[in-house]
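Trainee: The structure file upload.pdb (PDB, C-alpha atoms) is provided below.
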MODEL        1
ATOM      1  CA  GLN A1092     -24.779  45.455 -48.232
ATOM      2  CA  LYS A1093     -27.958  47.222 -49.205
ATOM      3  CA  GLU A1094     -28.345  47.422 -52.971
ATOM      4  CA  VAL A1095     -30.741  48.760 -55.558
ATOM      5  CA  GLU A1096     -30.511  47.170 -58.984
ATOM      6  CA  GLN A1097     -31.723  48.580 -62.282
ATOM      7  CA  ASN A1098     -31.148  47.602 -65.892
ATOM      8  CA  SER A1099     -28.974  50.396 -67.258
ATOM      9  CA  GLY A1100     -30.602  50.230 -70.686
ATOM     10  CA  PRO A1101     -30.897  52.043 -72.924
ATOM     11  CA  LEU A1102     -34.578  51.238 -73.164
ATOM     12  CA  SER A1103     -36.015  52.455 -76.427
ATOM     13  CA  VAL A1104     -39.760  52.746 -77.034
ATOM     14  CA  PRO A1105     -41.769  54.425 -79.788
ATOM     15  CA  GLU A1106     -43.787  57.533 -79.037
ATOM     16  CA  GLY A1107     -47.181  56.642 -77.596
ATOM     17  CA  ALA A1108     -46.081  53.261 -76.227
ATOM     18  CA  ILE A1109     -45.875  52.177 -72.607
ATOM     19  CA  ALA A1110     -42.412  52.288 -71.084
ATOM     20  CA  SER A1111     -41.785  49.838 -68.243
ATOM     21  CA  LEU A1112     -38.883  50.464 -65.868
ATOM     22  CA  ASN A1113     -37.929  47.936 -63.222
ATOM     23  CA  CYS A1114     -36.006  47.966 -59.971
ATOM     24  CA  THR A1115     -35.132  45.348 -57.369
ATOM     25  CA  TYR A1116     -33.775  45.936 -53.889
ATOM     26  CA  SER A1117     -31.939  43.735 -51.469
ATOM     27  CA  ASP A1118     -33.292  44.430 -48.011
ATOM     28  CA  ARG A1119     -36.734  43.363 -46.812
ATOM     29  CA  VAL A1120     -36.923  46.144 -44.211
ATOM     30  CA  SER A1121     -37.128  48.787 -46.927
ATOM     31  CA  GLN A1122     -40.002  51.144 -46.257
ATOM     32  CA  SER A1123     -40.104  53.890 -48.869
ATOM     33  CA  PHE A1124     -39.552  53.816 -52.607
ATOM     34  CA  PHE A1125     -39.034  56.624 -55.072
ATOM     35  CA  TRP A1126     -38.597  57.251 -58.750
ATOM     36  CA  TYR A1127     -36.510  60.221 -59.880
ATOM     37  CA  ARG A1128     -36.100  61.476 -63.423
ATOM     38  CA  GLN A1129     -32.757  62.932 -64.452
ATOM     39  CA  TYR A1130     -32.277  64.697 -67.759
ATOM     40  CA  SER A1131     -28.762  64.730 -69.157
ATOM     41  CA  GLY A1132     -26.651  67.275 -67.302
ATOM     42  CA  LYS A1133     -29.419  68.090 -64.849
ATOM     43  CA  SER A1134     -30.197  67.096 -61.294
ATOM     44  CA  PRO A1135     -32.666  64.371 -60.230
ATOM     45  CA  GLU A1136     -36.330  65.351 -59.995
ATOM     46  CA  LEU A1137     -38.781  63.388 -57.847
ATOM     47  CA  ILE A1138     -41.687  62.062 -59.919
ATOM     48  CA  MET A1139     -43.226  59.287 -57.807
ATOM     49  CA  SER A1140     -43.155  57.940 -54.287
ATOM     50  CA  ILE A1141     -44.780  54.717 -53.080
ATOM     51  CA  TYR A1142     -44.931  53.316 -49.574
ATOM     52  CA  SER A1143     -47.317  50.333 -49.652
ATOM     53  CA  ASN A1144     -47.904  47.315 -51.850
ATOM     54  CA  GLY A1145     -49.929  47.831 -54.989
ATOM     55  CA  ASP A1146     -50.235  50.507 -57.629
ATOM     56  CA  LYS A1147     -50.088  54.281 -57.364
ATOM     57  CA  GLU A1148     -51.090  56.382 -60.338
ATOM     58  CA  ASP A1149     -50.254  59.996 -61.095
ATOM     59  CA  GLY A1150     -51.165  61.184 -64.562
ATOM     60  CA  ARG A1151     -49.283  59.098 -67.130
ATOM     61  CA  PHE A1152     -47.111  57.524 -64.422
ATOM     62  CA  THR A1153     -47.907  54.402 -62.390
ATOM     63  CA  ALA A1154     -45.625  53.045 -59.690
ATOM     64  CA  GLN A1155     -46.025  49.412 -58.653
ATOM     65  CA  LEU A1156     -44.632  47.906 -55.465
ATOM     66  CA  ASN A1157     -44.350  44.253 -54.502
ATOM     67  CA  LYS A1158     -42.563  43.950 -51.180
ATOM     68  CA  ALA A1159     -42.699  40.131 -51.153
ATOM     69  CA  SER A1160     -40.728  40.069 -54.395
ATOM     70  CA  GLN A1161     -38.647  43.123 -53.422
ATOM     71  CA  TYR A1162     -39.595  44.731 -56.702
ATOM     72  CA  VAL A1163     -40.744  48.202 -57.691
ATOM     73  CA  SER A1164     -41.576  49.386 -61.186
ATOM     74  CA  LEU A1165     -42.561  52.524 -63.039
ATOM     75  CA  LEU A1166     -44.901  52.517 -66.015
ATOM     76  CA  ILE A1167     -45.091  55.514 -68.322
ATOM     77  CA  ARG A1168     -48.165  55.510 -70.545
ATOM     78  CA  ASP A1169     -48.365  57.372 -73.854
ATOM     79  CA  SER A1170     -44.599  57.934 -73.797
ATOM     80  CA  GLN A1171     -43.415  61.238 -75.237
ATOM     81  CA  PRO A1172     -39.969  62.247 -76.558
ATOM     82  CA  SER A1173     -39.805  64.630 -73.582
ATOM     83  CA  ASP A1174     -39.815  61.559 -71.315
ATOM     84  CA  SER A1175     -36.365  60.622 -72.642
ATOM     85  CA  ALA A1176     -34.143  60.719 -69.571
ATOM     86  CA  THR A1177     -32.479  58.486 -67.010
ATOM     87  CA  TYR A1178     -34.864  57.137 -64.394
ATOM     88  CA  LEU A1179     -33.405  56.506 -60.960
ATOM     89  CA  CYS A1180     -34.968  54.153 -58.461
ATOM     90  CA  ALA A1181     -34.302  55.087 -54.815
ATOM     91  CA  VAL A1182     -35.015  53.182 -51.629
ATOM     92  CA  ASN A1183     -35.007  54.195 -47.994
ATOM     93  CA  TYR A1184     -34.116  51.310 -45.729
ATOM     94  CA  GLY A1185     -35.361  52.965 -42.574
ATOM     95  CA  GLY A1186     -33.368  53.754 -39.477
ATOM     96  CA  SER A1187     -30.802  55.774 -41.373
ATOM     97  CA  GLN A1188     -32.581  59.071 -41.094
ATOM     98  CA  GLY A1189     -33.196  60.061 -44.632
ATOM     99  CA  ASN A1190     -30.462  58.182 -46.419
ATOM    100  CA  LEU A1191     -31.666  57.188 -49.888
ATOM    101  CA  ILE A1192     -29.942  54.360 -51.746
ATOM    102  CA  PHE A1193     -30.084  54.954 -55.496
ATOM    103  CA  GLY A1194     -29.785  52.527 -58.373
ATOM    104  CA  LYS A1195     -27.553  53.378 -61.298
ATOM    105  CA  GLY A1196     -30.562  54.398 -63.368
ATOM    106  CA  THR A1197     -32.190  53.226 -66.577
ATOM    107  CA  LYS A1198     -31.787  55.404 -69.640
ATOM    108  CA  LEU A1199     -35.058  55.731 -71.547
ATOM    109  CA  SER A1200     -35.241  56.911 -75.140
ATOM    110  CA  VAL A1201     -38.649  57.662 -76.691
ATOM    111  CA  LYS A1202     -38.462  57.756 -80.473
ATOM    112  CA  PRO A1203     -40.835  60.078 -82.399
TER
ATOM    113  CA  GLY B1133     -40.300  80.023 -53.984
ATOM    114  CA  ALA B1134     -36.793  79.376 -55.167
ATOM    115  CA  GLY B1135     -35.415  75.876 -55.331
ATOM    116  CA  VAL B1136     -32.183  74.535 -53.917
ATOM    117  CA  SER B1137     -29.213  76.521 -55.140
ATOM    118  CA  GLN B1138     -25.585  75.452 -55.246
ATOM    119  CA  SER B1139     -22.360  77.267 -55.982
ATOM    120  CA  PRO B1140     -20.101  77.154 -57.781
ATOM    121  CA  ARG B1141     -21.715  75.187 -60.595
ATOM    122  CA  TYR B1142     -18.319  74.106 -61.882
ATOM    123  CA  LYS B1143     -15.024  73.832 -60.061
ATOM    124  CA  VAL B1144     -11.652  72.789 -61.403
ATOM    125  CA  ALA B1145      -9.014  72.061 -58.793
ATOM    126  CA  LYS B1146      -5.446  70.893 -58.954
ATOM    127  CA  ARG B1147      -4.716  67.732 -57.032
ATOM    128  CA  GLY B1148      -3.973  68.605 -53.435
ATOM    129  CA  GLN B1149      -6.036  71.804 -53.339
ATOM    130  CA  ASP B1150      -8.853  72.353 -50.865
ATOM    131  CA  VAL B1151     -12.349  73.150 -52.186
ATOM    132  CA  ALA B1152     -15.567  74.386 -50.601
ATOM    133  CA  LEU B1153     -18.972  73.765 -52.122
ATOM    134  CA  ARG B1154     -22.022  75.706 -50.994
ATOM    135  CA  CYS B1155     -25.675  74.707 -50.764
ATOM    136  CA  ASP B1156     -28.638  76.969 -50.064
ATOM    137  CA  PRO B1157     -31.727  74.815 -49.367
ATOM    138  CA  ILE B1158     -35.352  75.634 -49.989
ATOM    139  CA  SER B1159     -36.614  78.056 -47.351
ATOM    140  CA  GLY B1160     -38.253  76.166 -44.499
ATOM    141  CA  HIS B1161     -36.612  72.834 -45.290
ATOM    142  CA  VAL B1162     -34.940  71.659 -42.106
ATOM    143  CA  SER B1163     -33.383  68.535 -43.631
ATOM    144  CA  LEU B1164     -30.373  68.804 -45.921
ATOM    145  CA  PHE B1165     -28.461  66.061 -47.692
ATOM    146  CA  TRP B1166     -25.246  65.848 -49.688
ATOM    147  CA  TYR B1167     -24.769  63.216 -52.384
ATOM    148  CA  GLN B1168     -21.911  62.415 -54.746
ATOM    149  CA  GLN B1169     -22.727  61.325 -58.294
ATOM    150  CA  ALA B1170     -20.027  59.836 -60.497
ATOM    151  CA  LEU B1171     -20.528  59.663 -64.249
ATOM    152  CA  GLY B1172     -23.018  56.965 -65.193
ATOM    153  CA  GLN B1173     -23.893  56.187 -61.580
ATOM    154  CA  GLY B1174     -26.719  57.051 -59.257
ATOM    155  CA  PRO B1175     -26.188  59.556 -56.453
ATOM    156  CA  GLU B1176     -24.420  58.177 -53.379
ATOM    157  CA  PHE B1177     -25.270  59.492 -49.938
ATOM    158  CA  LEU B1178     -22.588  61.470 -48.122
ATOM    159  CA  THR B1179     -24.158  63.178 -45.122
ATOM    160  CA  TYR B1180     -27.408  64.479 -43.618
ATOM    161  CA  PHE B1181     -28.318  67.466 -41.439
ATOM    162  CA  GLN B1182     -31.437  68.266 -39.512
ATOM    163  CA  ASN B1183     -31.216  71.983 -38.820
ATOM    164  CA  GLU B1184     -27.624  72.505 -37.669
ATOM    165  CA  ALA B1185     -27.148  68.969 -36.358
ATOM    166  CA  GLN B1186     -25.230  66.525 -38.533
ATOM    167  CA  LEU B1187     -27.184  63.334 -37.836
ATOM    168  CA  ASP B1188     -25.499  61.000 -40.298
ATOM    169  CA  LYS B1189     -22.072  61.288 -41.897
ATOM    170  CA  SER B1190     -21.630  57.612 -42.648
ATOM    171  CA  GLY B1191     -21.256  58.199 -46.390
ATOM    172  CA  LEU B1192     -18.297  60.560 -46.246
ATOM    173  CA  PRO B1193     -15.558  58.609 -48.037
ATOM    174  CA  SER B1194     -12.622  59.821 -46.000
ATOM    175  CA  ASP B1195     -11.579  62.270 -43.331
ATOM    176  CA  ARG B1196     -10.713  64.699 -46.117
ATOM    177  CA  PHE B1197     -14.435  65.359 -46.467
ATOM    178  CA  PHE B1198     -16.130  67.665 -43.990
ATOM    179  CA  ALA B1199     -19.587  69.247 -43.991
ATOM    180  CA  GLU B1200     -21.168  71.894 -41.826
ATOM    181  CA  ARG B1201     -24.421  73.793 -41.468
ATOM    182  CA  PRO B1202     -23.739  76.147 -38.556
ATOM    183  CA  GLU B1203     -26.972  78.152 -38.603
ATOM    184  CA  GLY B1204     -29.281  75.458 -39.867
ATOM    185  CA  SER B1205     -29.640  76.975 -43.322
ATOM    186  CA  VAL B1206     -26.734  77.199 -45.757
ATOM    187  CA  SER B1207     -24.388  74.220 -45.799
ATOM    188  CA  THR B1208     -20.806  73.857 -46.970
ATOM    189  CA  LEU B1209     -19.098  70.667 -48.079
ATOM    190  CA  LYS B1210     -15.340  70.955 -47.832
ATOM    191  CA  ILE B1211     -12.873  68.592 -49.440
ATOM    192  CA  GLN B1212      -9.279  68.859 -48.347
ATOM    193  CA  ARG B1213      -6.272  67.774 -50.399
ATOM    194  CA  THR B1214      -8.413  66.833 -53.382
ATOM    195  CA  GLN B1215      -7.618  63.677 -55.319
ATOM    196  CA  GLN B1216      -8.579  62.707 -58.869
ATOM    197  CA  GLU B1217     -11.094  60.183 -57.558
ATOM    198  CA  ASP B1218     -12.998  63.077 -55.967
ATOM    199  CA  SER B1219     -14.040  64.241 -59.440
ATOM    200  CA  ALA B1220     -17.826  63.971 -59.545
ATOM    201  CA  VAL B1221     -21.002  66.008 -59.340
ATOM    202  CA  TYR B1222     -21.853  66.953 -55.764
ATOM    203  CA  LEU B1223     -25.582  67.245 -55.254
ATOM    204  CA  CYS B1224     -27.347  68.914 -52.376
ATOM    205  CA  ALA B1225     -30.968  68.095 -51.554
ATOM    206  CA  SER B1226     -33.421  69.392 -48.977
ATOM    207  CA  SER B1227     -36.746  68.240 -47.611
ATOM    208  CA  LEU B1228     -39.415  69.071 -45.094
ATOM    209  CA  GLU B1229     -39.036  67.436 -41.690
ATOM    210  CA  ASP B1230     -42.256  65.432 -42.037
ATOM    211  CA  ARG B1231     -41.533  64.359 -45.632
ATOM    212  CA  LEU B1232     -37.938  63.431 -45.110
ATOM    213  CA  TYR B1233     -37.539  61.158 -48.090
ATOM    214  CA  GLU B1234     -39.156  63.442 -50.668
ATOM    215  CA  GLN B1235     -35.976  65.269 -51.447
ATOM    216  CA  PHE B1236     -35.561  68.207 -53.807
ATOM    217  CA  PHE B1237     -32.187  68.419 -55.493
ATOM    218  CA  GLY B1238     -30.105  71.419 -56.439
ATOM    219  CA  PRO B1239     -28.328  71.713 -59.805
ATOM    220  CA  GLY B1240     -25.106  70.266 -58.412
ATOM    221  CA  THR B1241     -21.479  71.306 -58.482
ATOM    222  CA  ARG B1242     -19.321  69.519 -61.035
ATOM    223  CA  LEU B1243     -15.862  69.094 -59.515
ATOM    224  CA  THR B1244     -12.952  68.187 -61.744
ATOM    225  CA  VAL B1245      -9.629  67.427 -60.088
ATOM    226  CA  LEU B1246      -6.640  67.563 -62.424
TER
ENDMDL
END
Starting from the file, lay out its structure as structure tokens.
Mentor:
Amino acid sequence: QKEVEQNSGPLSVPEGAIASLNCTYSDRVSQSFFWYRQYSGKSPELIMSIYSNGDKEDGRFTAQLNKASQYVSLLIRDSQPSDSATYLCAVNYGGSQGNLIFGKGTKLSVKP
Amino acid sequence: GAGVSQSPRYKVAKRGQDVALRCDPISGHVSLFWYQQALGQGPEFLTYFQNEAQLDKSGLPSDRFFAERPEGSVSTLKIQRTQQEDSAVYLCASSLEDRLYEQFFGPGTRLTVL
């Protein structure tokens, strides 16, 4: 069974710190990896996608992918209270035509 | 342009009733997805359309669930004879054909079955 695992948290960091969110997945044929942010009572919003090993940076966000370790992470630099949300890791395993497998999400709280 | 819209936003049904949930994708997005999100969980895939063709319905939990997209635009998810375990938020997402996995989600329909 294809799985995506995340620590449910809550992860609490002070304002201005780096928040590190981690995700592991079970299937080596996974091809595409995504991070979604979901505010309480709202729908998921795509913030990062990563397709190859290494780092991808976009503003304060950096996604890191290590396919050998089946591990993907999201770093948020200079965390702000507005970053407080649940962060969902999603994986596409290929061959299933768009089907994303989501983790349960990690709840992040940034304290002022 | 406008994002993905869904209606109704909230639906309360008595056990055994049929419900229909509507999704209007972003204009020009040929791919449309339905997900179910239970409280405290991540979204779970239900079904996927490319234009009017339903290419994957492997996530539909039972034959009480049915989805259609007859003209390749608006989609309807129908749940027959609702059960309490159907209570969840039903999310619709759409994407461009060449960026299939970069999915944009609608606000969801929160279904409560009493």
Trainee: May I have the residues of chain A within 7 Å of chain B, counting all atoms listed in the file, written as an MDAnalysis selection string?
Mentor: chainID A and resid 1133:1136 1179 1189:1196
Trainee: Give the padded box for range 1196-1208 of chain B as lines of an AutoDock Vina configuration file: axis-aligned, covering all atoms listed in the file, 6 Å on each side, centre and edge lengths in Å to one decimal.
Mentor:
center_x = -20.2
center_y = 71.4
center_z = -42.8
size_x = 30.9
size_y = 25.5
size_z = 20.4
Trainee: Written as a VMD selection string, which residues does the PyMOL selection byres ((chain B and resi 1210) around 10) give for the file shown?
Mentor: chain B and resid 1150 to 1154 1196 to 1200 1207 to 1209 1211 to 1214
Trainee: Go ahead and compute the interatomic distance for CA of Thr1244 in chain B and CA of Tyr1178 in chain A, in Å to one decimal.
Mentor: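 Between CA of Thr1244 in chain B and CA of Tyr1178 in chain A the gap works out to 24.7 Å.
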Trainee: May I have the residues at most 7 Å from (-33.8, 47.3, -55.6) in the file's coordinates, counting all atoms listed in the file, as a PyMOL selection string?
Mentor: chain A and resi 1094-1096+1114-1117+1161-1162
Trainee: Using Å and a single decimal, report how far CA of Pro1193 in chain B sits from CA of Ser1219 in chain B.
Mentor: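 Going from CA of Ser1219 in chain B over to CA of Pro1193 in chain B, I get 12.8 Å.
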Trainee: Excluding Val1163 in chain A and its own-chain neighbours fewer than 6 positions away, which residues fall within 12 Å of it when counting all atoms listed in the file? Please give them as an NGL selection string.
Mentor: :A and (1095-1097 or 1111-1117 or 1121-1126 or 1139-1147 or 1153-1157 or 1179-1182 or 1194)
Trainee: Just to confirm, what's the straight-line distance from CA of Val1206 in chain B to CA of Leu1243 in chain B in Å (one decimal)?
Mentor: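 For CA of Val1206 in chain B relative to CA of Leu1243 in chain B, the distance reads 19.3 Å.
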Trainee: What do you get, as a PyMOL selection string, if you spell out every residue that the PyMOL selection byres ((chain B and resi 1141-1146) around 6) selects here?
Mentor: chain B and resi 1139-1140+1147+1149+1241-1246
Trainee: Residues near Thr1197 in chain A, anyone? I mean within 6 Å using only C-alpha atoms, not counting same-chain ones fewer than 2 positions away, as an NGL selection string.
Mentor: :A and (1098-1100 or 1177-1178)
Trainee: Within 8 Å of Leu1199 in chain A, counting only C-alpha atoms, which residues show up once you throw out same-chain ones fewer than 5 positions away? Write them as a list in words, please.
Mentor: Gly1100, Pro1101, Leu1102, Ser1103, Val1104, Asp1174, Ser1175, Ala1176, Thr1177 and Tyr1178 of chain A
Trainee: Place N, CA and C atoms on range 1222-1237 of chain B and deliver the coordinates as a PDB file, keeping the file's coordinate frame.
Mentor:
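Result written to selection.pdb:
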ATOM      1  N   TYR B1222     -21.422  66.945 -57.155  1.00  0.00           N
ATOM      2  CA  TYR B1222     -21.853  66.953 -55.764  1.00  0.00           C
ATOM      3  C   TYR B1222     -23.226  67.608 -55.703  1.00  0.00           C
ATOM      4  N   LEU B1223     -24.193  66.816 -55.282  1.00  0.00           N
ATOM      5  CA  LEU B1223     -25.582  67.245 -55.254  1.00  0.00           C
ATOM      6  C   LEU B1223     -26.019  67.519 -53.820  1.00  0.00           C
ATOM      7  N   CYS B1224     -26.728  68.586 -53.659  1.00  0.00           N
ATOM      8  CA  CYS B1224     -27.347  68.914 -52.376  1.00  0.00           C
ATOM      9  C   CYS B1224     -28.852  68.756 -52.545  1.00  0.00           C
ATOM     10  N   ALA B1225     -29.522  68.242 -51.527  1.00  0.00           N
ATOM     11  CA  ALA B1225     -30.968  68.095 -51.554  1.00  0.00           C
ATOM     12  C   ALA B1225     -31.537  68.547 -50.217  1.00  0.00           C
ATOM     13  N   SER B1226     -32.773  69.014 -50.237  1.00  0.00           N
ATOM     14  CA  SER B1226     -33.421  69.392 -48.977  1.00  0.00           C
ATOM     15  C   SER B1226     -34.841  68.847 -48.947  1.00  0.00           C
ATOM     16  N   SER B1227     -35.385  68.749 -47.757  1.00  0.00           N
ATOM     17  CA  SER B1227     -36.746  68.240 -47.611  1.00  0.00           C
ATOM     18  C   SER B1227     -37.372  68.805 -46.344  1.00  0.00           C
ATOM     19  N   LEU B1228     -38.693  68.706 -46.301  1.00  0.00           N
ATOM     20  CA  LEU B1228     -39.415  69.071 -45.094  1.00  0.00           C
ATOM     21  C   LEU B1228     -39.200  67.991 -44.035  1.00  0.00           C
ATOM     22  N   GLU B1229     -39.298  68.376 -42.780  1.00  0.00           N
ATOM     23  CA  GLU B1229     -39.036  67.436 -41.690  1.00  0.00           C
ATOM     24  C   GLU B1229     -40.013  66.258 -41.710  1.00  0.00           C
ATOM     25  N   ASP B1230     -41.273  66.518 -42.083  1.00  0.00           N
ATOM     26  CA  ASP B1230     -42.256  65.432 -42.037  1.00  0.00           C
ATOM     27  C   ASP B1230     -42.381  64.694 -43.370  1.00  0.00           C
ATOM     28  N   ARG B1231     -41.577  65.084 -44.355  1.00  0.00           N
ATOM     29  CA  ARG B1231     -41.533  64.359 -45.632  1.00  0.00           C
ATOM     30  C   ARG B1231     -40.067  64.155 -45.995  1.00  0.00           C
ATOM     31  N   LEU B1232     -39.392  63.503 -45.092  1.00  0.00           N
ATOM     32  CA  LEU B1232     -37.938  63.431 -45.110  1.00  0.00           C
ATOM     33  C   LEU B1232     -37.388  62.863 -46.405  1.00  0.00           C
ATOM     34  N   TYR B1233     -38.091  61.885 -46.955  1.00  0.00           N
ATOM     35  CA  TYR B1233     -37.539  61.158 -48.090  1.00  0.00           C
ATOM     36  C   TYR B1233     -37.929  61.762 -49.431  1.00  0.00           C
ATOM     37  N   GLU B1234     -38.778  62.770 -49.420  1.00  0.00           N
ATOM     38  CA  GLU B1234     -39.156  63.442 -50.668  1.00  0.00           C
ATOM     39  C   GLU B1234     -38.225  64.634 -50.835  1.00  0.00           C
ATOM     40  N   GLN B1235     -37.095  64.337 -51.430  1.00  0.00           N
ATOM     41  CA  GLN B1235     -35.976  65.269 -51.447  1.00  0.00           C
ATOM     42  C   GLN B1235     -35.921  66.042 -52.757  1.00  0.00           C
ATOM     43  N   PHE B1236     -35.666  67.323 -52.658  1.00  0.00           N
ATOM     44  CA  PHE B1236     -35.561  68.207 -53.807  1.00  0.00           C
ATOM     45  C   PHE B1236     -34.080  68.539 -54.008  1.00  0.00           C
ATOM     46  N   PHE B1237     -33.607  68.284 -55.214  1.00  0.00           N
ATOM     47  CA  PHE B1237     -32.187  68.419 -55.493  1.00  0.00           C
ATOM     48  C   PHE B1237     -31.854  69.775 -56.111  1.00  0.00           C
TER      49      PHE B1237
END
